[in-house]
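Structure, as structure tokens:
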Amino acid sequence: LFHRLRDRLLHTLWHISQHTMSTSASRVSAALDIMMRMPPSRVEQSLSGIIGITPGDADELLQRIDQPLQEQVDEETGKKYLICDYNRDGDSYRSPWSNKYDPPLEDGLVPPAVLRELEVQANNVFTSYAQAYFSNPITSVYFWDLADGAFASCWLIKKELSGGRFVKEGSWDSIHVVEAQPAKDDGGFNYKATTTCMVSMTVESAELGSCNLSGSLIREKSSRGVLDESKGRTHIYHIGTLIETLENSMRESIEGVYLGKTNAVISSIHSTGGFGQRVNLLGLGSTKEKTKAPP
């Protein structure tokens with residue numbers, strides 16, 4: 001009797017756990033579906049509202065939904081750094097410059113010594129890289145170890161603009177998450193990068209009024225590399241090359257496809273003719289009839 005009761009209890013607990021997992025997965029799926037339909041310029045407010053409804057799924061939602069990057073200042077070095085889910089431990093964030101958490105956290109997660117040395121080098125190199133493409137951006141790089149000799153890293157760029165000639169305010173946020181897995185045959189590494197680029201622009205003038213254009217783009221790319229320090233073939237070289245190729249491609253897509261297409265659509269609705277000409281061009285009226293503009 002005891003064994004039957006025990007088995008029945010375990011069976012019941014299993015069904016409860018499965019139902020809970022299924023319900024949580026459904027909530028997360030619904031939240032992601034909602035976020036895809038919300039204005040990109042209000043992603044933070046939308047995410048905050050969803051987390052308020054389902055606080056139990058906060059950690060997973062924060063990991064799966066990219067938000068515009070926020071900045072903090074390292075009190076020890078005075079340098080700015082970017083915060084995200086990859087340098088967060090509880091309510092504290094680790095600085096890549098001092099390797100310390102703010103607010104202070106005694107047992108916070110930090111990378112092993114080997115990865116920490118690589119992290120310091122990557123931050124210095126990435127600052128120079130970003131400066132070549134952006135003017136005075138904020139950058140941060142974070143490393144953490146994985147199982148079986150693998151590791152991962154997150155490379156962040158944030159550039160803000162205000163008071164421009166045509167753009168009142170705007171921002172560019174790049175989030176590159178790279179996973180490095182050791183190859184089994186040649187001693188090299190397989191690198192996989194997942195990049196998210198978020199763009200937001202507000203154009204305002206007396207002639208045009210106010211207009212906000214914002215959105216995000218996600219791409220993935222993989223590469224393979226062999227380490228050879230004598231030739232400068234390091235992890236930073238391979239990852240940096242992968243990130244630069246991927247980001248340049250996405251920048252061209254945003255500029256040429258998305259912004260270009262938006263400009264083409266807006267330009268196509270402009271016409272120097274009257275109302276009747278526009279109606280005829282749309283095929284809604286006869287070209288032989290004179291169409292008067294409505295009052």
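Ordered as shown in the structure tokens, chains take letters A, B, and onward, while each chain numbers its residues from 1 and ligands are numbered from 1 in the order shown.
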Would you list the contacts of range 78-93 of chain A as a PDB file with N, CA, C and O atoms, in the first residue's frame, taking every protein, DNA or RNA residue within 10 Å and counting only C-alpha atoms, but skipping same-chain residues closer than 2 positions in sequence?
ATOM      1  N   ASP A  59      12.902  36.216 -15.649  1.00  0.00           N
ATOM      2  CA  ASP A  59      14.270  35.858 -16.047  1.00  0.00           C
ATOM      3  C   ASP A  59      14.332  35.397 -17.495  1.00  0.00           C
ATOM      4  O   ASP A  59      15.215  35.803 -18.256  1.00  0.00           O
ATOM      5  N   LEU A  62      13.677  38.339 -19.918  1.00  0.00           N
ATOM      6  CA  LEU A  62      14.820  39.247 -19.998  1.00  0.00           C
ATOM      7  C   LEU A  62      15.943  38.655 -20.838  1.00  0.00           C
ATOM      8  O   LEU A  62      16.699  39.389 -21.485  1.00  0.00           O
ATOM      9  N   GLN A  63      16.068  37.325 -20.824  1.00  0.00           N
ATOM     10  CA  GLN A  63      17.111  36.669 -21.606  1.00  0.00           C
ATOM     11  C   GLN A  63      16.752  36.621 -23.084  1.00  0.00           C
ATOM     12  O   GLN A  63      17.623  36.683 -23.943  1.00  0.00           O
ATOM     13  N   ARG A  64      15.473  36.520 -23.404  1.00  0.00           N
ATOM     14  CA  ARG A  64      15.058  36.283 -24.792  1.00  0.00           C
ATOM     15  C   ARG A  64      14.636  37.542 -25.539  1.00  0.00           C
ATOM     16  O   ARG A  64      14.508  37.511 -26.760  1.00  0.00           O
ATOM     17  N   ASP A  66      15.598  41.357 -26.464  1.00  0.00           N
ATOM     18  CA  ASP A  66      16.655  42.365 -26.454  1.00  0.00           C
ATOM     19  C   ASP A  66      16.050  43.752 -26.229  1.00  0.00           C
ATOM     20  O   ASP A  66      15.025  44.104 -26.820  1.00  0.00           O
ATOM     21  N   GLN A  67      16.719  44.519 -25.388  1.00  0.00           N
ATOM     22  CA  GLN A  67      16.295  45.880 -25.096  1.00  0.00           C
ATOM     23  C   GLN A  67      17.423  46.852 -25.442  1.00  0.00           C
ATOM     24  O   GLN A  67      18.585  46.458 -25.495  1.00  0.00           O
ATOM     25  N   PRO A  68      17.087  48.120 -25.679  1.00  0.00           N
ATOM     26  CA  PRO A  68      18.143  49.117 -25.871  1.00  0.00           C
ATOM     27  C   PRO A  68      19.090  49.118 -24.674  1.00  0.00           C
ATOM     28  O   PRO A  68      18.659  49.022 -23.527  1.00  0.00           O
ATOM     29  N   LEU A  69      20.368  49.207 -24.936  1.00  0.00           N
ATOM     30  CA  LEU A  69      21.373  49.098 -23.890  1.00  0.00           C
ATOM     31  C   LEU A  69      21.375  50.322 -22.982  1.00  0.00           C
ATOM     32  O   LEU A  69      21.162  51.450 -23.429  1.00  0.00           O
ATOM     33  N   GLN A  70      21.626  50.076 -21.708  1.00  0.00           N
ATOM     34  CA  GLN A  70      21.736  51.143 -20.722  1.00  0.00           C
ATOM     35  C   GLN A  70      23.193  51.249 -20.270  1.00  0.00           C
ATOM     36  O   GLN A  70      23.954  50.282 -20.350  1.00  0.00           O
ATOM     37  N   GLU A  71      23.575  52.408 -19.791  1.00  0.00           N
ATOM     38  CA  GLU A  71      24.965  52.627 -19.388  1.00  0.00           C
ATOM     39  C   GLU A  71      25.078  52.929 -17.905  1.00  0.00           C
ATOM     40  O   GLU A  71      24.142  53.443 -17.278  1.00  0.00           O
ATOM     41  N   GLN A  72      26.224  52.580 -17.340  1.00  0.00           N
ATOM     42  CA  GLN A  72      26.575  52.932 -15.970  1.00  0.00           C
ATOM     43  C   GLN A  72      28.022  53.409 -15.962  1.00  0.00           C
ATOM     44  O   GLN A  72      28.746  53.254 -16.945  1.00  0.00           O
ATOM     45  N   VAL A  73      28.432  53.974 -14.836  1.00  0.00           N
ATOM     46  CA  VAL A  73      29.793  54.477 -14.695  1.00  0.00           C
ATOM     47  C   VAL A  73      30.512  53.659 -13.632  1.00  0.00           C
ATOM     48  O   VAL A  73      29.988  53.467 -12.522  1.00  0.00           O
ATOM     49  N   ASP A  74      31.700  53.165 -13.982  1.00  0.00           N
ATOM     50  CA  ASP A  74      32.528  52.444 -13.025  1.00  0.00           C
ATOM     51  C   ASP A  74      33.107  53.451 -12.036  1.00  0.00           C
ATOM     52  O   ASP A  74      33.875  54.332 -12.419  1.00  0.00           O
ATOM     53  N   GLU A  75      32.720  53.333 -10.771  1.00  0.00           N
ATOM     54  CA  GLU A  75      33.180  54.304  -9.765  1.00  0.00           C
ATOM     55  C   GLU A  75      34.685  54.245  -9.545  1.00  0.00           C
ATOM     56  O   GLU A  75      35.304  55.243  -9.183  1.00  0.00           O
ATOM     57  N   GLU A  76      35.300  53.082  -9.787  1.00  0.00           N
ATOM     58  CA  GLU A  76      36.740  52.945  -9.549  1.00  0.00           C
ATOM     59  C   GLU A  76      37.566  53.553 -10.668  1.00  0.00           C
ATOM     60  O   GLU A  76      38.590  54.197 -10.411  1.00  0.00           O
ATOM     61  N   SER A  95      31.326  45.475 -14.012  1.00  0.00           N
ATOM     62  CA  SER A  95      32.045  46.354 -14.922  1.00  0.00           C
ATOM     63  C   SER A  95      33.174  45.587 -15.602  1.00  0.00           C
ATOM     64  O   SER A  95      33.918  44.860 -14.942  1.00  0.00           O
ATOM     65  N   PRO A  96      33.350  45.755 -16.927  1.00  0.00           N
ATOM     66  CA  PRO A  96      34.460  45.083 -17.602  1.00  0.00           C
ATOM     67  C   PRO A  96      35.811  45.728 -17.303  1.00  0.00           C
ATOM     68  O   PRO A  96      36.853  45.151 -17.593  1.00  0.00           O
ATOM     69  N   TRP A  97      35.781  46.933 -16.733  1.00  0.00           N
ATOM     70  CA  TRP A  97      37.030  47.652 -16.490  1.00  0.00           C
ATOM     71  C   TRP A  97      37.654  47.273 -15.147  1.00  0.00           C
ATOM     72  O   TRP A  97      38.856  47.038 -15.066  1.00  0.00           O
ATOM     73  N   SER A  98      36.843  47.195 -14.103  1.00  0.00           N
ATOM     74  CA  SER A  98      37.373  46.859 -12.774  1.00  0.00           C
ATOM     75  C   SER A  98      37.032  45.437 -12.345  1.00  0.00           C
ATOM     76  O   SER A  98      37.536  44.956 -11.337  1.00  0.00           O
ATOM     77  N   ASN A  99      36.136  44.778 -13.087  1.00  0.00           N
ATOM     78  CA  ASN A  99      35.697  43.421 -12.762  1.00  0.00           C
ATOM     79  C   ASN A  99      34.940  43.374 -11.439  1.00  0.00           C
ATOM     80  O   ASN A  99      34.905  42.346 -10.769  1.00  0.00           O
ATOM     81  N   LYS A 100      34.317  44.497 -11.064  1.00  0.00           N
ATOM     82  CA  LYS A 100      33.573  44.571  -9.810  1.00  0.00           C
ATOM     83  C   LYS A 100      32.099  44.862 -10.097  1.00  0.00           C
ATOM     84  O   LYS A 100      31.758  45.456 -11.123  1.00  0.00           O
ATOM     85  N   TYR A 101      31.247  44.436  -9.160  1.00  0.00           N
ATOM     86  CA  TYR A 101      29.813  44.608  -9.312  1.00  0.00           C
ATOM     87  C   TYR A 101      29.340  45.902  -8.653  1.00  0.00           C
ATOM     88  O   TYR A 101      29.902  46.363  -7.661  1.00  0.00           O
ATOM     89  N   ASP A 102      28.299  46.468  -9.249  1.00  0.00           N
ATOM     90  CA  ASP A 102      27.645  47.643  -8.699  1.00  0.00           C
ATOM     91  C   ASP A 102      26.129  47.428  -8.772  1.00  0.00           C
ATOM     92  O   ASP A 102      25.590  47.248  -9.869  1.00  0.00           O
ATOM     93  N   PRO A 103      25.437  47.424  -7.624  1.00  0.00           N
ATOM     94  CA  PRO A 103      25.935  47.505  -6.245  1.00  0.00           C
ATOM     95  C   PRO A 103      26.882  46.348  -5.913  1.00  0.00           C
ATOM     96  O   PRO A 103      26.812  45.291  -6.537  1.00  0.00           O
ATOM     97  N   PRO A 104      27.761  46.545  -4.928  1.00  0.00           N
ATOM     98  CA  PRO A 104      28.760  45.525  -4.600  1.00  0.00           C
ATOM     99  C   PRO A 104      28.130  44.162  -4.311  1.00  0.00           C
ATOM    100  O   PRO A 104      27.088  44.068  -3.668  1.00  0.00           O
ATOM    101  N   LEU A 105      28.808  43.118  -4.803  1.00  0.00           N
ATOM    102  CA  LEU A 105      28.337  41.748  -4.629  1.00  0.00           C
ATOM    103  C   LEU A 105      29.549  40.875  -4.345  1.00  0.00           C
ATOM    104  O   LEU A 105      30.427  40.723  -5.193  1.00  0.00           O
ATOM    105  N   ASP A 107      29.962  37.544  -3.745  1.00  0.00           N
ATOM    106  CA  ASP A 107      30.096  36.249  -4.412  1.00  0.00           C
ATOM    107  C   ASP A 107      29.559  36.286  -5.841  1.00  0.00           C
ATOM    108  O   ASP A 107      29.023  35.302  -6.348  1.00  0.00           O
ATOM    109  N   GLY A 108      29.672  37.438  -6.499  1.00  0.00           N
ATOM    110  CA  GLY A 108      29.192  37.551  -7.871  1.00  0.00           C
ATOM    111  C   GLY A 108      30.017  36.725  -8.836  1.00  0.00           C
ATOM    112  O   GLY A 108      31.205  36.470  -8.631  1.00  0.00           O
ATOM    113  N   LEU A 109      29.399  36.295  -9.918  1.00  0.00           N
ATOM    114  CA  LEU A 109      30.084  35.486 -10.923  1.00  0.00           C
ATOM    115  C   LEU A 109      31.091  36.334 -11.696  1.00  0.00           C
ATOM    116  O   LEU A 109      30.763  37.418 -12.182  1.00  0.00           O
ATOM    117  N   VAL A 110      32.316  35.823 -11.806  1.00  0.00           N
ATOM    118  CA  VAL A 110      33.367  36.480 -12.590  1.00  0.00           C
ATOM    119  C   VAL A 110      34.033  35.427 -13.474  1.00  0.00           C
ATOM    120  O   VAL A 110      34.032  34.244 -13.141  1.00  0.00           O
ATOM    121  N   ILE A 138      29.959  54.002 -26.807  1.00  0.00           N
ATOM    122  CA  ILE A 138      30.234  53.284 -25.560  1.00  0.00           C
ATOM    123  C   ILE A 138      30.274  51.791 -25.897  1.00  0.00           C
ATOM    124  O   ILE A 138      29.382  51.281 -26.578  1.00  0.00           O
ATOM    125  N   THR A 139      31.303  51.108 -25.433  1.00  0.00           N
ATOM    126  CA  THR A 139      31.453  49.691 -25.744  1.00  0.00           C
ATOM    127  C   THR A 139      31.733  48.902 -24.466  1.00  0.00           C
ATOM    128  O   THR A 139      32.257  49.434 -23.483  1.00  0.00           O
ATOM    129  N   SER A 140      31.401  47.630 -24.514  1.00  0.00           N
ATOM    130  CA  SER A 140      31.712  46.706 -23.418  1.00  0.00           C
ATOM    131  C   SER A 140      31.781  45.296 -23.978  1.00  0.00           C
ATOM    132  O   SER A 140      31.037  44.946 -24.905  1.00  0.00           O
ATOM    133  N   VAL A 141      32.681  44.481 -23.402  1.00  0.00           N
ATOM    134  CA  VAL A 141      32.813  43.080 -23.788  1.00  0.00           C
ATOM    135  C   VAL A 141      32.844  42.235 -22.521  1.00  0.00           C
ATOM    136  O   VAL A 141      33.554  42.576 -21.563  1.00  0.00           O
ATOM    137  N   TYR A 142      32.084  41.149 -22.526  1.00  0.00           N
ATOM    138  CA  TYR A 142      32.026  40.257 -21.362  1.00  0.00           C
ATOM    139  C   TYR A 142      32.251  38.811 -21.809  1.00  0.00           C
ATOM    140  O   TYR A 142      31.728  38.394 -22.846  1.00  0.00           O
ATOM    141  N   PHE A 143      33.039  38.086 -21.003  1.00  0.00           N
ATOM    142  CA  PHE A 143      33.334  36.682 -21.288  1.00  0.00           C
ATOM    143  C   PHE A 143      32.820  35.816 -20.137  1.00  0.00           C
ATOM    144  O   PHE A 143      32.811  36.242 -18.983  1.00  0.00           O
ATOM    145  N   TRP A 144      32.434  34.588 -20.455  1.00  0.00           N
ATOM    146  CA  TRP A 144      32.113  33.589 -19.429  1.00  0.00           C
ATOM    147  C   TRP A 144      32.400  32.200 -20.006  1.00  0.00           C
ATOM    148  O   TRP A 144      32.402  32.002 -21.219  1.00  0.00           O
ATOM    149  N   SER A 153      30.955  34.936 -25.243  1.00  0.00           N
ATOM    150  CA  SER A 153      31.243  36.350 -24.991  1.00  0.00           C
ATOM    151  C   SER A 153      30.140  37.212 -25.570  1.00  0.00           C
ATOM    152  O   SER A 153      29.405  36.784 -26.476  1.00  0.00           O
ATOM    153  N   CYS A 154      30.027  38.397 -25.049  1.00  0.00           N
ATOM    154  CA  CYS A 154      29.034  39.358 -25.518  1.00  0.00           C
ATOM    155  C   CYS A 154      29.737  40.680 -25.801  1.00  0.00           C
ATOM    156  O   CYS A 154      30.425  41.221 -24.924  1.00  0.00           O
ATOM    157  N   TRP A 155      29.565  41.202 -27.008  1.00  0.00           N
ATOM    158  CA  TRP A 155      30.233  42.424 -27.453  1.00  0.00           C
ATOM    159  C   TRP A 155      29.153  43.478 -27.721  1.00  0.00           C
ATOM    160  O   TRP A 155      28.269  43.274 -28.562  1.00  0.00           O
ATOM    161  N   LEU A 156      29.223  44.605 -27.018  1.00  0.00           N
ATOM    162  CA  LEU A 156      28.158  45.600 -27.038  1.00  0.00           C
ATOM    163  C   LEU A 156      28.652  46.947 -27.549  1.00  0.00           C
ATOM    164  O   LEU A 156      29.753  47.383 -27.219  1.00  0.00           O
ATOM    165  N   ILE A 157      27.815  47.601 -28.348  1.00  0.00           N
ATOM    166  CA  ILE A 157      28.081  48.955 -28.830  1.00  0.00           C
ATOM    167  C   ILE A 157      26.816  49.786 -28.673  1.00  0.00           C
ATOM    168  O   ILE A 157      25.716  49.320 -29.019  1.00  0.00           O
ATOM    169  N   LYS A 158      26.969  50.989 -28.183  1.00  0.00           N
ATOM    170  CA  LYS A 158      25.843  51.928 -28.117  1.00  0.00           C
ATOM    171  C   LYS A 158      26.312  53.303 -28.580  1.00  0.00           C
ATOM    172  O   LYS A 158      27.319  53.813 -28.096  1.00  0.00           O
ATOM    173  N   ILE A 175      24.304  44.187 -30.289  1.00  0.00           N
ATOM    174  CA  ILE A 175      24.541  43.142 -29.303  1.00  0.00           C
ATOM    175  C   ILE A 175      25.027  41.909 -30.049  1.00  0.00           C
ATOM    176  O   ILE A 175      24.270  41.297 -30.809  1.00  0.00           O
ATOM    177  N   VAL A 177      26.488  38.211 -29.538  1.00  0.00           N
ATOM    178  CA  VAL A 177      26.714  37.093 -28.620  1.00  0.00           C
ATOM    179  C   VAL A 177      27.425  35.986 -29.406  1.00  0.00           C
ATOM    180  O   VAL A 177      26.895  35.488 -30.396  1.00  0.00           O
TER     181      VAL A 177
END
**OP:** Run DSSP on the backbone and grab whatever in range 54-168 of chain A lands in strand (DSSP E or B); send it over as a PyMOL selection string.
**Re:** chain A and resi 70-73+80-83+88-89+92-94+101-102+138-145+151-162+167-168
**OP:** Could you check which of A:Ser171, A:Thr127, A:Ser24, A:Gln45 is closest to Gly240 in chain A, using only C-alpha atoms?
**Re:**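 Comparing A:Ser171, A:Thr127, A:Ser24, A:Gln45 against Gly240 in chain A, the winner is A:Thr127.
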**OP:** Compile the contact shell of range 189-200 of chain A as a list of chain:residue names: residues with an atom at most 7 Å away, counting only C-alpha atoms, same-chain residues fewer than 3 positions apart removed.
**Re:** A:Ser41, A:Gly170, A:Ser171, A:Trp172, A:Asp173, A:Ser174, A:Ile175, A:His176, A:Val177, A:Val178, A:Glu179, A:Ala180, A:Gln181, A:Pro182, A:Ala183, A:Leu213, A:Ser214, A:Gly215, A:Ser216, A:Leu217, A:Ile218, A:Arg219, A:Glu220, A:Lys221, A:Ser222, A:Ser223, A:Arg224, A:Gly225, A:Val226
Subject >> helix (DSSP H, G or I) per DSSP on the backbone: members of range 47-284 of chain A, as a PyMOL selection string >> reply: chain A and resi 47-53+55-64+85-87+113-133+229-231+235-268+275-281
Subject >> Closest of A:Gly56, A:Ile236, A:Glu244, A:Leu259 to Tyr133 in chain A - atom-to-atom distances counting only C-alpha atoms >> reply: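 Selected residue with least distance to Tyr133 in chain A: A:Glu244.
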